[in-house]
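Just work.cif here, mmCIF, C-alpha atoms:
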data_final
#
loop_
_atom_site.label_atom_id
_atom_site.label_comp_id
_atom_site.auth_asym_id
_atom_site.auth_seq_id
_atom_site.Cartn_x
_atom_site.Cartn_y
_atom_site.Cartn_z
CA MET A 1 19.26 137.84 257.70
CA LYS A 2 16.97 140.85 257.72
CA PHE A 3 19.90 143.13 258.49
CA VAL A 4 21.91 141.72 255.61
CA ILE A 5 19.01 142.36 253.24
CA ILE A 6 18.64 145.93 254.51
CA ILE A 7 22.35 146.64 253.98
CA ILE A 8 22.53 145.08 250.52
CA SER A 9 19.39 146.87 249.39
CA MET A 10 20.70 150.22 250.67
CA VAL A 11 24.10 149.77 249.05
CA LEU A 12 23.07 148.38 245.67
CA VAL A 13 19.35 148.67 244.97
CA ASN A 14 18.39 151.87 246.75
CA ASN A 15 21.79 153.51 246.61
CA TYR A 16 21.22 157.07 247.82
CA PRO A 17 22.99 159.21 245.21
CA LEU A 18 22.49 156.89 242.26
CA ALA A 19 18.96 155.59 242.76
CA GLN A 20 17.20 158.02 245.08
CA PHE A 21 18.70 161.45 244.35
CA LEU A 22 19.85 162.08 247.90
CA GLY A 23 23.21 163.65 248.67
CA ILE A 24 23.83 164.70 245.09
CA CYS A 25 25.69 167.91 246.00
CA PRO A 26 28.66 166.21 247.73
CA PHE A 27 28.43 163.32 245.25
CA LEU A 28 29.16 165.76 242.42
CA GLY A 29 31.23 168.27 244.34
CA VAL A 30 33.64 166.23 246.44
CA SER A 31 34.17 163.21 244.17
CA LYS A 32 37.18 164.72 242.45
CA ASP A 33 39.83 162.40 243.81
CA LEU A 34 39.85 159.16 245.71
CA ASP A 35 41.15 160.53 249.02
CA SER A 36 38.56 163.23 249.54
CA SER A 37 35.70 161.04 248.35
CA THR A 38 36.67 158.28 250.78
CA GLY A 39 36.94 160.83 253.59
CA MET A 40 33.57 162.34 252.76
CA GLY A 41 31.97 158.90 252.53
CA ILE A 42 33.28 157.81 255.91
CA ALA A 43 32.29 161.10 257.53
CA VAL A 44 28.77 160.85 256.09
CA THR A 45 28.39 157.23 257.25
CA PHE A 46 29.50 158.19 260.74
CA VAL A 47 27.13 161.17 260.99
CA MET A 48 24.23 159.17 259.51
CA VAL A 49 24.50 156.42 262.13
CA LEU A 50 24.98 158.95 264.92
CA ALA A 51 22.09 161.13 263.75
CA THR A 52 19.79 158.11 263.51
CA ALA A 53 20.84 156.97 266.97
CA VAL A 54 19.76 160.34 268.33
CA THR A 55 16.73 161.24 266.20
CA TRP A 56 14.90 157.92 266.45
CA PRO A 57 14.31 158.18 270.25
CA ILE A 58 13.46 161.87 269.82
CA GLN A 59 10.71 160.97 267.34
CA GLN A 60 9.23 158.54 269.87
CA LEU A 61 9.24 161.38 272.38
CA LEU A 62 7.58 163.75 269.90
CA ASN A 63 4.94 161.13 269.13
CA LYS A 64 4.28 160.61 272.81
CA PHE A 65 3.48 164.28 273.26
CA GLY A 66 1.53 164.43 269.98
CA ILE A 67 3.81 166.97 268.32
CA GLY A 68 5.09 164.75 265.49
CA TYR A 69 4.67 167.64 263.05
CA LEU A 70 7.73 169.30 264.58
CA GLN A 71 9.85 166.50 263.07
CA THR A 72 11.54 168.63 260.40
CA VAL A 73 12.47 171.48 262.75
CA VAL A 74 13.72 169.24 265.54
CA PHE A 75 15.64 166.82 263.32
CA ILE A 76 17.60 169.43 261.40
CA LEU A 77 18.51 171.29 264.58
CA VAL A 78 19.62 168.09 266.26
CA ILE A 79 21.73 167.15 263.24
CA ALA A 80 23.29 170.63 263.06
CA ALA A 81 24.13 170.56 266.75
CA LEU A 82 25.42 167.00 266.52
CA VAL A 83 27.74 167.79 263.63
CA GLN A 84 29.06 170.84 265.46
CA LEU A 85 29.64 168.73 268.57
CA VAL A 86 31.46 166.00 266.67
CA GLU A 87 33.62 168.62 265.01
CA MET A 88 34.58 170.23 268.31
CA PHE A 89 35.22 166.85 269.96
CA MET A 90 37.37 165.67 267.07
CA LYS A 91 39.38 168.88 267.02
CA LYS A 92 40.20 168.60 270.71
CA SER A 93 40.86 164.90 271.18
CA MET A 94 41.56 163.40 267.77
CA PRO A 95 43.56 165.97 265.81
CA ALA A 96 44.86 163.41 263.33
CA LEU A 97 41.36 162.26 262.42
CA TYR A 98 40.16 165.85 262.38
CA LYS A 99 42.77 166.72 259.82
CA SER A 100 41.51 164.12 257.39
CA LEU A 101 37.76 164.21 258.07
CA GLY A 102 37.21 167.57 259.76
CA ILE A 103 36.91 169.68 256.64
CA PHE A 104 33.99 167.59 255.44
CA LEU A 105 31.93 167.99 258.58
CA PRO A 106 30.54 171.50 257.96
CA LEU A 107 29.31 170.32 254.56
CA ILE A 108 27.38 167.45 256.10
CA THR A 109 24.84 169.56 258.00
CA THR A 110 23.27 170.61 254.72
CA ASN A 111 23.62 167.18 253.16
CA CYS A 112 20.11 166.01 252.41
CA ALA A 113 21.13 162.35 252.69
CA VAL A 114 21.54 162.66 256.47
CA LEU A 115 18.16 164.27 257.11
CA GLY A 116 16.74 161.94 254.45
CA VAL A 117 17.86 158.78 256.20
CA CYS A 118 16.49 159.99 259.56
CA ILE A 119 13.07 160.73 258.06
CA THR A 120 13.04 157.52 256.01
CA ASN A 121 13.72 155.46 259.13
CA ILE A 122 10.67 156.98 260.80
CA ASP A 123 8.47 156.72 257.68
CA SER A 124 9.24 153.05 257.07
CA SER A 125 8.62 152.36 260.79
CA TYR A 126 11.86 150.52 261.41
CA ASN A 127 12.68 149.64 265.01
CA TYR A 128 15.77 151.09 266.66
CA LEU A 129 18.22 148.40 265.56
CA GLU A 130 16.87 148.26 262.01
CA SER A 131 17.12 152.05 261.78
CA LEU A 132 20.77 151.96 262.77
CA VAL A 133 21.51 149.21 260.25
CA ASN A 134 19.60 151.11 257.57
CA ALA A 135 21.60 154.28 258.27
CA PHE A 136 24.85 152.33 258.17
CA GLY A 137 23.87 150.72 254.86
CA ALA A 138 22.89 154.08 253.38
CA GLY A 139 26.26 155.50 254.43
CA ILE A 140 28.19 152.58 252.96
CA GLY A 141 26.18 152.91 249.74
CA PHE A 142 27.07 156.59 249.61
CA LEU A 143 30.76 155.79 250.19
CA PHE A 144 30.60 153.14 247.49
CA ALA A 145 29.06 155.49 244.94
CA MET A 146 31.57 158.24 245.81
CA VAL A 147 34.54 155.92 245.36
CA VAL A 148 33.28 154.58 242.01
CA MET A 149 32.57 158.10 240.83
CA ALA A 150 36.00 159.35 241.90
CA GLY A 151 37.62 156.45 240.09
CA VAL A 152 35.86 157.38 236.87
CA ARG A 153 36.48 161.09 237.26
CA THR A 154 40.24 160.83 237.71
CA LYS A 155 40.38 159.16 234.31
CA LEU A 156 38.02 161.72 232.85
CA VAL A 157 40.07 164.83 233.50
CA ASP A 158 43.09 164.55 231.30
CA GLN A 159 42.65 161.47 229.16
CA SER A 160 39.61 162.44 227.18
CA ARG A 161 38.57 165.11 224.75
CA ILE A 162 35.30 166.55 225.99
CA PRO A 163 33.20 168.98 223.89
CA GLU A 164 33.59 172.49 225.21
CA SER A 165 30.01 172.93 226.39
CA PHE A 166 30.16 169.68 228.34
CA ARG A 167 33.32 170.51 230.28
CA GLY A 168 32.98 170.76 234.02
CA VAL A 169 29.67 169.87 235.59
CA PRO A 170 27.72 168.48 232.57
CA ILE A 171 30.19 165.67 231.84
CA VAL A 172 30.12 164.69 235.51
CA LEU A 173 26.33 164.47 235.25
CA ILE A 174 26.58 162.30 232.13
CA THR A 175 28.98 160.03 234.04
CA ALA A 176 26.49 159.86 236.90
CA ALA A 177 23.72 158.99 234.42
CA ILE A 178 25.69 156.05 233.03
CA LEU A 179 26.63 154.91 236.54
CA SER A 180 23.04 155.03 237.72
CA LEU A 181 22.00 153.18 234.56
CA SER A 182 24.30 150.34 235.55
CA PHE A 183 22.95 150.44 239.11
CA MET A 184 19.45 149.94 237.70
CA GLY A 185 20.61 146.41 236.93
CA PHE A 186 20.29 145.65 240.64
CA ASN A 187 16.60 146.54 240.55
CA GLY A 188 14.39 143.56 241.24
CA MET A 189 17.07 141.80 243.26
CA PHE A 190 14.58 141.63 246.11
CA SER A 191 11.16 141.36 244.56
CA MET B 192 19.43 200.83 245.96
CA GLU B 193 18.32 202.37 242.71
CA GLU B 194 15.37 201.23 240.70
CA ARG B 195 17.56 199.73 237.98
CA LYS B 196 19.64 197.67 240.36
CA ARG B 197 16.48 196.26 241.94
CA ILE B 198 15.41 194.91 238.58
CA ASP B 199 18.86 193.37 238.20
CA VAL B 200 18.51 191.67 241.58
CA LEU B 201 15.17 190.25 240.49
CA LEU B 202 16.40 189.08 237.09
CA ASN B 203 19.77 187.75 238.25
CA GLY B 204 18.27 184.57 239.62
CA LEU B 205 16.31 183.84 236.47
CA ILE B 206 19.17 183.52 233.99
CA LYS B 207 22.52 185.04 234.89
CA GLU B 208 22.78 183.39 238.30
CA ASN B 209 20.23 180.64 237.83
CA PRO B 210 20.66 178.58 240.99
CA VAL B 211 20.37 175.18 239.35
CA LEU B 212 22.05 175.71 235.99
CA VAL B 213 24.74 178.26 236.80
CA LEU B 214 25.43 178.06 240.54
CA VAL B 215 24.83 174.27 240.60
CA ILE B 216 22.97 174.18 243.90
CA GLY B 217 19.71 172.50 244.83
CA THR B 218 20.50 169.55 242.60
CA CYS B 219 18.73 166.84 244.63
CA PRO B 220 15.17 168.23 244.42
CA THR B 221 15.80 169.28 240.82
CA LEU B 222 16.63 165.75 239.73
CA ALA B 223 14.05 164.06 241.93
CA THR B 224 10.96 166.16 241.26
CA SER B 225 11.38 167.02 237.58
CA THR B 226 9.80 163.74 236.47
CA SER B 227 6.75 165.67 235.29
CA VAL B 228 5.85 169.32 234.84
CA GLU B 229 3.30 169.18 237.64
CA THR B 230 5.58 167.89 240.38
CA GLY B 231 8.42 170.14 239.23
CA PHE B 232 6.17 173.18 239.24
CA GLY B 233 4.78 172.28 242.65
CA MET B 234 8.26 171.78 244.09
CA GLY B 235 9.40 175.08 242.57
CA LEU B 236 6.50 177.00 244.06
CA ALA B 237 6.92 175.39 247.49
CA ALA B 238 10.64 176.20 247.54
CA THR B 239 9.98 179.75 246.27
CA ALA B 240 7.47 180.36 249.05
CA VAL B 241 9.95 179.17 251.67
CA LEU B 242 12.79 181.12 250.07
CA VAL B 243 10.92 184.44 249.93
CA CYS B 244 9.62 184.13 253.51
CA SER B 245 12.97 183.06 254.97
CA ASN B 246 14.86 185.75 253.04
CA ILE B 247 12.50 188.42 254.41
CA VAL B 248 12.74 187.21 258.01
CA ILE B 249 16.50 186.67 257.93
CA SER B 250 17.26 190.04 256.36
CA ALA B 251 15.04 191.69 258.97
CA LEU B 252 16.79 189.87 261.80
CA HIS B 253 20.37 189.89 260.58
CA ASN B 254 21.41 192.68 262.94
CA ILE B 255 20.07 190.82 265.96
CA ILE B 256 21.43 187.34 265.20
CA PRO B 257 24.95 186.86 266.64
CA ASP B 258 27.41 186.01 263.91
CA LYS B 259 28.64 182.80 265.52
CA VAL B 260 25.28 181.05 265.72
CA ARG B 261 23.81 182.43 262.53
CA ILE B 262 23.67 179.11 260.63
CA PRO B 263 21.55 177.34 263.29
CA CYS B 264 19.34 180.44 263.49
CA PHE B 265 18.87 180.48 259.71
CA ILE B 266 18.09 176.76 259.72
CA THR B 267 15.46 177.24 262.43
CA VAL B 268 13.74 180.02 260.48
CA ILE B 269 13.82 177.97 257.27
CA ALA B 270 12.61 174.79 259.00
CA GLY B 271 9.70 176.73 260.47
CA PHE B 272 8.55 177.91 257.06
CA VAL B 273 9.07 174.45 255.56
CA THR B 274 6.82 172.98 258.24
CA ILE B 275 4.16 175.60 257.45
CA VAL B 276 4.31 174.82 253.72
CA GLN B 277 4.24 171.09 254.47
CA MET B 278 1.10 171.43 256.58
CA LEU B 279 -0.62 173.69 254.04
CA LEU B 280 0.08 171.26 251.20
CA GLN B 281 -1.05 168.29 253.27
CA ALA B 282 -4.33 170.05 254.03
CA PHE B 283 -5.14 171.62 250.67
CA VAL B 284 -3.19 169.75 247.94
CA PRO B 285 -2.78 166.20 249.29
CA SER B 286 -1.95 164.76 245.84
CA LEU B 287 1.08 167.02 245.50
CA TYR B 288 2.00 166.36 249.12
CA SER B 289 2.26 162.64 248.45
CA ALA B 290 3.95 163.12 245.07
CA LEU B 291 6.74 165.22 246.59
CA GLY B 292 7.01 162.89 249.59
CA LEU B 293 10.40 162.96 251.26
CA TYR B 294 11.61 165.91 249.21
CA LEU B 295 9.16 168.29 250.86
CA PRO B 296 10.79 168.24 254.33
CA LEU B 297 14.14 168.16 252.55
CA ILE B 298 13.52 171.75 251.33
CA VAL B 299 15.15 172.61 254.68
CA VAL B 300 18.54 171.43 253.47
CA ASN B 301 18.08 172.79 249.94
CA CYS B 302 21.33 174.64 249.41
CA ILE B 303 19.53 177.40 247.47
CA ILE B 304 17.65 178.59 250.53
CA LEU B 305 20.47 178.45 253.08
CA GLY B 306 22.90 179.70 250.44
CA ARG B 307 20.80 182.79 249.66
CA ALA B 308 20.31 183.43 253.38
CA GLU B 309 24.07 183.35 253.88
CA MET B 310 25.17 185.11 250.71
CA PHE B 311 22.41 187.67 250.20
CA ALA B 312 19.76 188.07 252.88
CA SER B 313 22.22 188.45 255.74
CA LYS B 314 23.88 191.36 253.97
CA ASN B 315 21.02 193.22 252.28
CA GLY B 316 17.75 194.97 253.12
CA VAL B 317 14.31 193.43 253.38
CA LEU B 318 12.97 194.55 249.99
CA ASP B 319 16.07 193.50 248.07
CA SER B 320 16.13 190.15 249.84
CA ALA B 321 12.47 189.55 248.99
CA LEU B 322 13.19 190.38 245.32
CA ASP B 323 16.23 188.11 245.37
CA GLY B 324 14.09 185.35 246.83
CA ILE B 325 11.45 185.80 244.13
CA GLY B 326 14.08 185.85 241.36
CA MET B 327 15.98 182.83 242.63
CA GLY B 328 12.77 180.93 243.34
CA LEU B 329 11.41 181.63 239.87
CA GLY B 330 14.74 180.62 238.35
CA PHE B 331 14.52 177.34 240.23
CA THR B 332 10.89 176.85 239.15
CA LEU B 333 11.71 177.71 235.53
CA THR B 334 14.49 175.12 235.41
CA LEU B 335 12.27 172.49 237.00
CA VAL B 336 9.51 173.20 234.47
CA ILE B 337 11.94 173.00 231.53
CA MET B 338 13.43 169.74 232.77
CA GLY B 339 10.00 168.41 233.66
CA THR B 340 8.78 169.21 230.15
CA ILE B 341 11.66 167.35 228.49
CA ARG B 342 11.40 164.35 230.79
CA GLU B 343 7.61 164.13 230.66
CA VAL B 344 7.29 164.56 226.88
CA LEU B 345 10.04 162.04 226.12
CA GLY B 346 9.17 159.74 229.00
CA SER B 347 5.42 159.39 228.70
CA GLY B 348 4.63 161.26 225.48
CA THR B 349 2.22 163.67 227.12
CA TRP B 350 2.65 167.18 228.44
CA LEU B 351 1.18 168.87 231.52
CA ALA B 352 -0.61 165.76 232.80
CA GLY B 353 -1.80 165.79 236.39
CA ASP B 354 -4.32 167.17 238.83
CA TRP B 355 -2.86 170.70 238.87
CA PHE B 356 -3.67 171.46 242.51
CA GLY B 357 -7.18 170.08 242.05
CA LEU B 358 -8.02 172.57 239.28
CA ALA B 359 -8.00 169.98 236.49
CA LYS B 360 -8.69 166.64 238.13
CA GLY B 361 -7.32 163.69 236.21
CA PHE B 362 -6.12 165.76 233.23
CA LYS B 363 -4.46 163.25 230.88
CA GLY B 364 -2.09 165.78 229.36
CA ILE B 365 -1.56 167.05 225.82
CA PRO B 366 -0.47 164.07 223.69
CA LEU B 367 2.59 165.53 221.97
CA LEU B 368 4.42 162.31 221.20
CA SER B 369 2.26 159.50 222.52
CA ASN B 370 0.36 159.18 219.22
CA PHE B 371 3.56 158.55 217.26
CA ILE B 372 6.05 156.71 219.44
CA PRO B 373 5.80 154.87 222.76
CA GLY B 374 7.22 156.70 225.77
CA MET B 375 10.83 156.15 226.78
CA SER B 376 10.24 155.49 230.44
CA ILE B 377 13.98 155.67 231.17
CA MET B 378 13.61 159.46 230.94
CA THR B 379 11.38 159.58 234.00
CA MET B 380 13.76 157.32 235.90
CA VAL B 381 17.02 158.19 237.61
CA PRO B 382 19.47 158.02 234.66
CA GLY B 383 17.15 160.19 232.55
CA GLY B 384 17.23 162.82 235.29
CA PHE B 385 21.02 163.04 235.29
CA PHE B 386 21.11 162.98 231.50
CA VAL B 387 18.52 165.72 230.91
CA TYR B 388 20.15 167.88 233.58
CA ALA B 389 23.52 167.50 231.82
CA ILE B 390 22.04 168.32 228.41
CA VAL B 391 20.18 171.41 229.67
CA MET B 392 23.29 172.66 231.46
CA ALA B 393 25.46 172.07 228.40
CA ALA B 394 22.93 173.96 226.28
CA VAL B 395 23.07 176.90 228.69
CA HIS B 396 26.88 176.83 228.52
CA TYR B 397 26.70 176.76 224.73
CA PHE B 398 24.37 179.73 224.39
CA THR B 399 25.99 181.90 227.07
CA LYS B 400 29.54 181.07 226.08
CA ASP B 401 30.54 184.64 225.34
CA LYS B 402 28.41 186.35 227.91
CA SER B 403 29.28 184.55 231.11
CA LYS B 404 32.10 182.37 232.27
CA ILE B 405 31.61 178.66 231.85
CA ARG B 406 31.22 177.09 235.22
CA ASN B 407 33.93 174.49 235.43
CA GLU B 408 34.21 174.10 239.15
CA PHE B 409 31.93 174.02 242.14
CA GLY B 410 32.69 177.25 243.94
CA CYS B 411 31.91 179.08 247.12
CA ASP B 412 29.30 181.49 245.77
CA GLY B 413 26.52 178.96 246.05
CA CYS B 414 27.79 177.10 249.07
CA ALA B 415 25.95 177.54 252.32
CA ASN B 416 29.06 176.77 254.28
CA ALA B 417 31.33 179.28 252.60
CA GLY B 418 31.43 181.35 255.76
CA ASN B 419 32.38 178.37 257.89
CA CYS B 420 35.28 177.20 255.82
CA ALA B 421 38.67 177.64 257.36
CA ASP B 422 40.90 179.68 255.06
CA GLY B 423 40.49 178.03 251.71
CA GLU B 424 40.20 174.60 253.26
CA CYS B 425 37.08 173.80 251.32
CA ALA B 426 36.39 170.13 250.69
CA GLN B 427 34.81 170.93 247.35
CA LYS B 428 37.97 172.43 245.91
#
Any chance you could put this one into structure tokens?
Amino acid sequence: MKFVIIIISMVLVNNYPLAQFLGICPFLGVSKDLDSSTGMGIAVTFVMVLATAVTWPIQQLLNKFGIGYLQTVVFILVIAALVQLVEMFMKKSMPALYKSLGIFLPLITTNCAVLGVCITNIDSSYNYLESLVNAFGAGIGFLFAMVVMAGVRTKLVDQSRIPESFRGVPIVLITAAILSLSFMGFNGMFS
Amino acid sequence: MEERKRIDVLLNGLIKENPVLVLVIGTCPTLATSTSVETGFGMGLAATAVLVCSNIVISALHNIIPDKVRIPCFITVIAGFVTIVQMLLQAFVPSLYSALGLYLPLIVVNCIILGRAEMFASKNGVLDSALDGIGMGLGFTLTLVIMGTIREVLGSGTWLAGDWFGLAKGFKGIPLLSNFIPGMSIMTMVPGGFFVYAIVMAAVHYFTKDKSKIRNEFGCDGCANAGNCADGECAQK
């Protein structure tokens, strides 16, 4: 039951791009069409779970030696190395998957949602299993937001007359504002 | 570089290549910390400090760092400075430290810093890189302060409320609107952030219409991974 609550709260209530301002860059940049946003969402979910699986034990190790302040440095390096490793592994042994997800991987290193979920797991003192579930939920929430956004944006491009100053990025931000407004309706689901 | 060009490098980041409004990078901290002028200003200064230091170190080291592992090297340098800033804030300005929370360690993945390391500092000299860092950092801070002003005045009716690094403890802020209308708290929440960002960006587009190209697409010039992309296979395009 606890796991279900964690997942639902990460997907709907604390949705990363729409309620917590994490991972906004890919949320705005890659959500142009349904295919790439699904690919990005799946890649982010995968890296989030993997990164949490690796960084959580590392934090315990850091704590044991009393060097918890090195968290930021160690985590980002581990994530960067991990992403590189996954990319190389995919290229060699899963070329088909690499073709569809590979181009998103370099973008993920600098995605603040991945580092964010690793640090959040430590800060909210989840145990190992809860951390993994939390990371998975955060990834699914990200995928969900990306897909909704892409659905809106494909309609936005050619079927609407947008004022000149709002063309491009501003109208996407307005769309995000309205989307996040509707996601606020989930607030208080678990109070 | 000549004197005149140096000034251009410094001023580029403020308006012409404003990282947040023109290059559209560093969006997460911009949206998250611009709920009030104080947090926005604090975030801007913290990021500027990291940006200037990392630009100086990276431009000094760019001949030594092998090209293939430059991104991890840059990230290490940046993460080091972020940790320093984090510890300094925790020790001397604990209120700001807790207000910025998660977004303080996330300065590491702020695209502005890695992007400038990749696009500018790894190609230019130490002095120019420092100036670029100052310009970009101030541009970031300026945007955060503008957005913070709009969101704070509309959201809570006051302006400049906060502790201000312990200089003005418990300052209630200048009541610009709070005497006339109740605050619209939606402005300090998530949708308000997206909305104000959109309005400010549209205003910039409107006023610079003739002078600079309207930014319709997310491009490579602000992307930290531009160098990594296989020929044109960018996911953002």
**OP:** Using all atoms listed in the file, determine which residues lie at most 12 Å from Ser180 of chain A, disregarding the query and same-chain residues fewer than 3 positions distant; provide the list as number ranges by chain.
**Re:** A: 12-21, 145, 148-149, 173-177, 183-187; B: 377, 380-386
**OP:** Determine which residues of chain A sit within 9 Å of chain B, taking into account all atoms listed in the file, and present them as a PyMOL selection string.
**Re:** chain A and resi 17-26+28-32+36+40+69-74+76-77+80-81+103-104+106-107+109-112+115-116+119-120+164-181+184
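If you look at atom CA of Phe311 of chain B and atom CA of Arg261 of chain B, they are 13.5 Å away from each other.
For the file at hand, the PyMOL selection byres ((chain B and resi 350) around 10) resolves to Ser227, Val228, Glu229, Gly339, Thr340, Ile341, Arg342, Glu343, Val344, Leu345, Gly346, Ser347, Gly348, Thr349, Leu351, Ala352, Gly353, Lys363, Gly364, Ile365, Pro366, Leu367, Leu368 and Ser369 of chain B.
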Subject >> Option closest in space to Val200 of chain B, from B:Asp319, B:Ser313, B:Ile304, B:Ala282 [counting all atoms listed in the file] >> reply: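 Looking only at the distances to Val200 of chain B, the closest residue turns out to be B:Asp319.
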Original post:
What does the distance between atom CA of Met146 of chain A and atom CA of Ser37 of chain A come to in Å, to one decimal place?
Top reply: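 We find that atom CA of Met146 of chain A and atom CA of Ser37 of chain A lie 5.6 Å from each other.
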**OP:** Take atom CA of Ala308 of chain B and atom CA of Ser245 of chain B and report the distance between them in Å, one decimal.
**Re:**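 Straight-line distance from atom CA of Ala308 of chain B to atom CA of Ser245 of chain B works out to 7.5 Å.
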**OP:** Tell me which of B:Met234, B:Val276, B:Lys196, B:Arg307 sits closest to Asp323 of chain B, counting only C-alpha atoms.
**Re:** B:Arg307
**OP:** Expand the PyMOL selection byres ((chain A and resi 8) around 10) into the individual residues it matches in the shown file, reporting them as number ranges by chain.
**Re:** A: 3-7, 9-15, 134, 137-138, 140-141, 189-190
Original post:
A:Gly66, A:Pro163, A:Gly188, A:Gly41: which is nearest Ala113 of chain A, counting only C-alpha atoms?
Top reply: A:Gly41
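Closest to Ile108 of chain A among A:Asn127, A:Asn121, A:Gln84, A:Ser160 is A:Gln84, based on all atoms listed in the file.
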Box in all listed atoms of segment 353-363 of chain B, axis-aligned, with 8 Å more on each side; write out centre and edge lengths in Å to one decimal as JSON.
{"center_x": -5.2, "center_y": 167.9, "center_z": 236.7, "size_x": 22.9, "size_y": 25.3, "size_z": 27.6}
Original post:
Counting only C-alpha atoms, which of B:Ala321, B:Leu214, B:Leu291, B:Leu201 gets nearest to Gly233 of chain B?
Top reply: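 Ranked by minimum distance to Gly233 of chain B, first place goes to B:Leu291.
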**OP:** Find the residues near Val147 of chain A: any atom within 7 Å, counting all atoms listed in the file, skip ones fewer than 3 places away on the same chain, and give them as a list of chain:residue names.
**Re:**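 Answer for this query is A:Leu34, A:Ser37, A:Thr38, A:Leu143, A:Phe144, A:Ala150, A:Gly151.
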**OP:** Take the PyMOL selection byres ((chain A and resi 57) around 12), apply it to the structure above, and return the hits as number ranges by chain.
**Re:** A: 50-56, 58-64, 71, 75, 78, 118, 121-122, 126-129, 131-132
Could you add the missing atoms to segment 276-291 of chain B, up to N, CA and C atoms, and return them as a PDB file, in the coordinates of the input?
ATOM      1  N   VAL B 276       4.652 175.205 255.084  1.00  0.00           N
ATOM      2  CA  VAL B 276       4.310 174.820 253.720  1.00  0.00           C
ATOM      3  C   VAL B 276       3.857 173.367 253.661  1.00  0.00           C
ATOM      4  N   GLN B 277       4.578 172.517 254.423  1.00  0.00           N
ATOM      5  CA  GLN B 277       4.240 171.090 254.470  1.00  0.00           C
ATOM      6  C   GLN B 277       2.804 170.881 254.954  1.00  0.00           C
ATOM      7  N   MET B 278       2.436 171.603 256.027  1.00  0.00           N
ATOM      8  CA  MET B 278       1.100 171.430 256.580  1.00  0.00           C
ATOM      9  C   MET B 278       0.041 171.980 255.632  1.00  0.00           C
ATOM     10  N   LEU B 279       0.338 173.109 254.988  1.00  0.00           N
ATOM     11  CA  LEU B 279      -0.620 173.690 254.040  1.00  0.00           C
ATOM     12  C   LEU B 279      -0.868 172.741 252.881  1.00  0.00           C
ATOM     13  N   LEU B 280       0.236 172.172 252.328  1.00  0.00           N
ATOM     14  CA  LEU B 280       0.080 171.260 251.200  1.00  0.00           C
ATOM     15  C   LEU B 280      -0.692 170.013 251.612  1.00  0.00           C
ATOM     16  N   GLN B 281      -0.376 169.499 252.811  1.00  0.00           N
ATOM     17  CA  GLN B 281      -1.050 168.290 253.270  1.00  0.00           C
ATOM     18  C   GLN B 281      -2.559 168.529 253.405  1.00  0.00           C
ATOM     19  N   ALA B 282      -2.913 169.758 253.805  1.00  0.00           N
ATOM     20  CA  ALA B 282      -4.330 170.050 254.030  1.00  0.00           C
ATOM     21  C   ALA B 282      -5.054 170.343 252.718  1.00  0.00           C
ATOM     22  N   PHE B 283      -4.404 171.120 251.828  1.00  0.00           N
ATOM     23  CA  PHE B 283      -5.140 171.620 250.670  1.00  0.00           C
ATOM     24  C   PHE B 283      -4.804 170.914 249.357  1.00  0.00           C
ATOM     25  N   VAL B 284      -3.561 170.431 249.194  1.00  0.00           N
ATOM     26  CA  VAL B 284      -3.190 169.750 247.940  1.00  0.00           C
ATOM     27  C   VAL B 284      -2.580 168.383 248.277  1.00  0.00           C
ATOM     28  N   PRO B 285      -3.365 167.473 248.843  1.00  0.00           N
ATOM     29  CA  PRO B 285      -2.780 166.200 249.290  1.00  0.00           C
ATOM     30  C   PRO B 285      -2.104 165.402 248.182  1.00  0.00           C
ATOM     31  N   SER B 286      -2.573 165.537 246.921  1.00  0.00           N
ATOM     32  CA  SER B 286      -1.950 164.760 245.840  1.00  0.00           C
ATOM     33  C   SER B 286      -0.507 165.199 245.634  1.00  0.00           C
ATOM     34  N   LEU B 287      -0.278 166.517 245.663  1.00  0.00           N
ATOM     35  CA  LEU B 287       1.080 167.020 245.500  1.00  0.00           C
ATOM     36  C   LEU B 287       1.928 166.665 246.716  1.00  0.00           C
ATOM     37  N   TYR B 288       1.290 166.708 247.894  1.00  0.00           N
ATOM     38  CA  TYR B 288       2.000 166.360 249.120  1.00  0.00           C
ATOM     39  C   TYR B 288       2.578 164.951 249.031  1.00  0.00           C
ATOM     40  N   SER B 289       1.756 164.012 248.521  1.00  0.00           N
ATOM     41  CA  SER B 289       2.260 162.640 248.450  1.00  0.00           C
ATOM     42  C   SER B 289       3.215 162.452 247.278  1.00  0.00           C
ATOM     43  N   ALA B 290       3.036 163.251 246.200  1.00  0.00           N
ATOM     44  CA  ALA B 290       3.950 163.120 245.070  1.00  0.00           C
ATOM     45  C   ALA B 290       5.351 163.614 245.434  1.00  0.00           C
ATOM     46  N   LEU B 291       5.424 164.681 246.222  1.00  0.00           N
ATOM     47  CA  LEU B 291       6.740 165.220 246.590  1.00  0.00           C
ATOM     48  C   LEU B 291       7.376 164.388 247.706  1.00  0.00           C
TER      49      LEU B 291
END
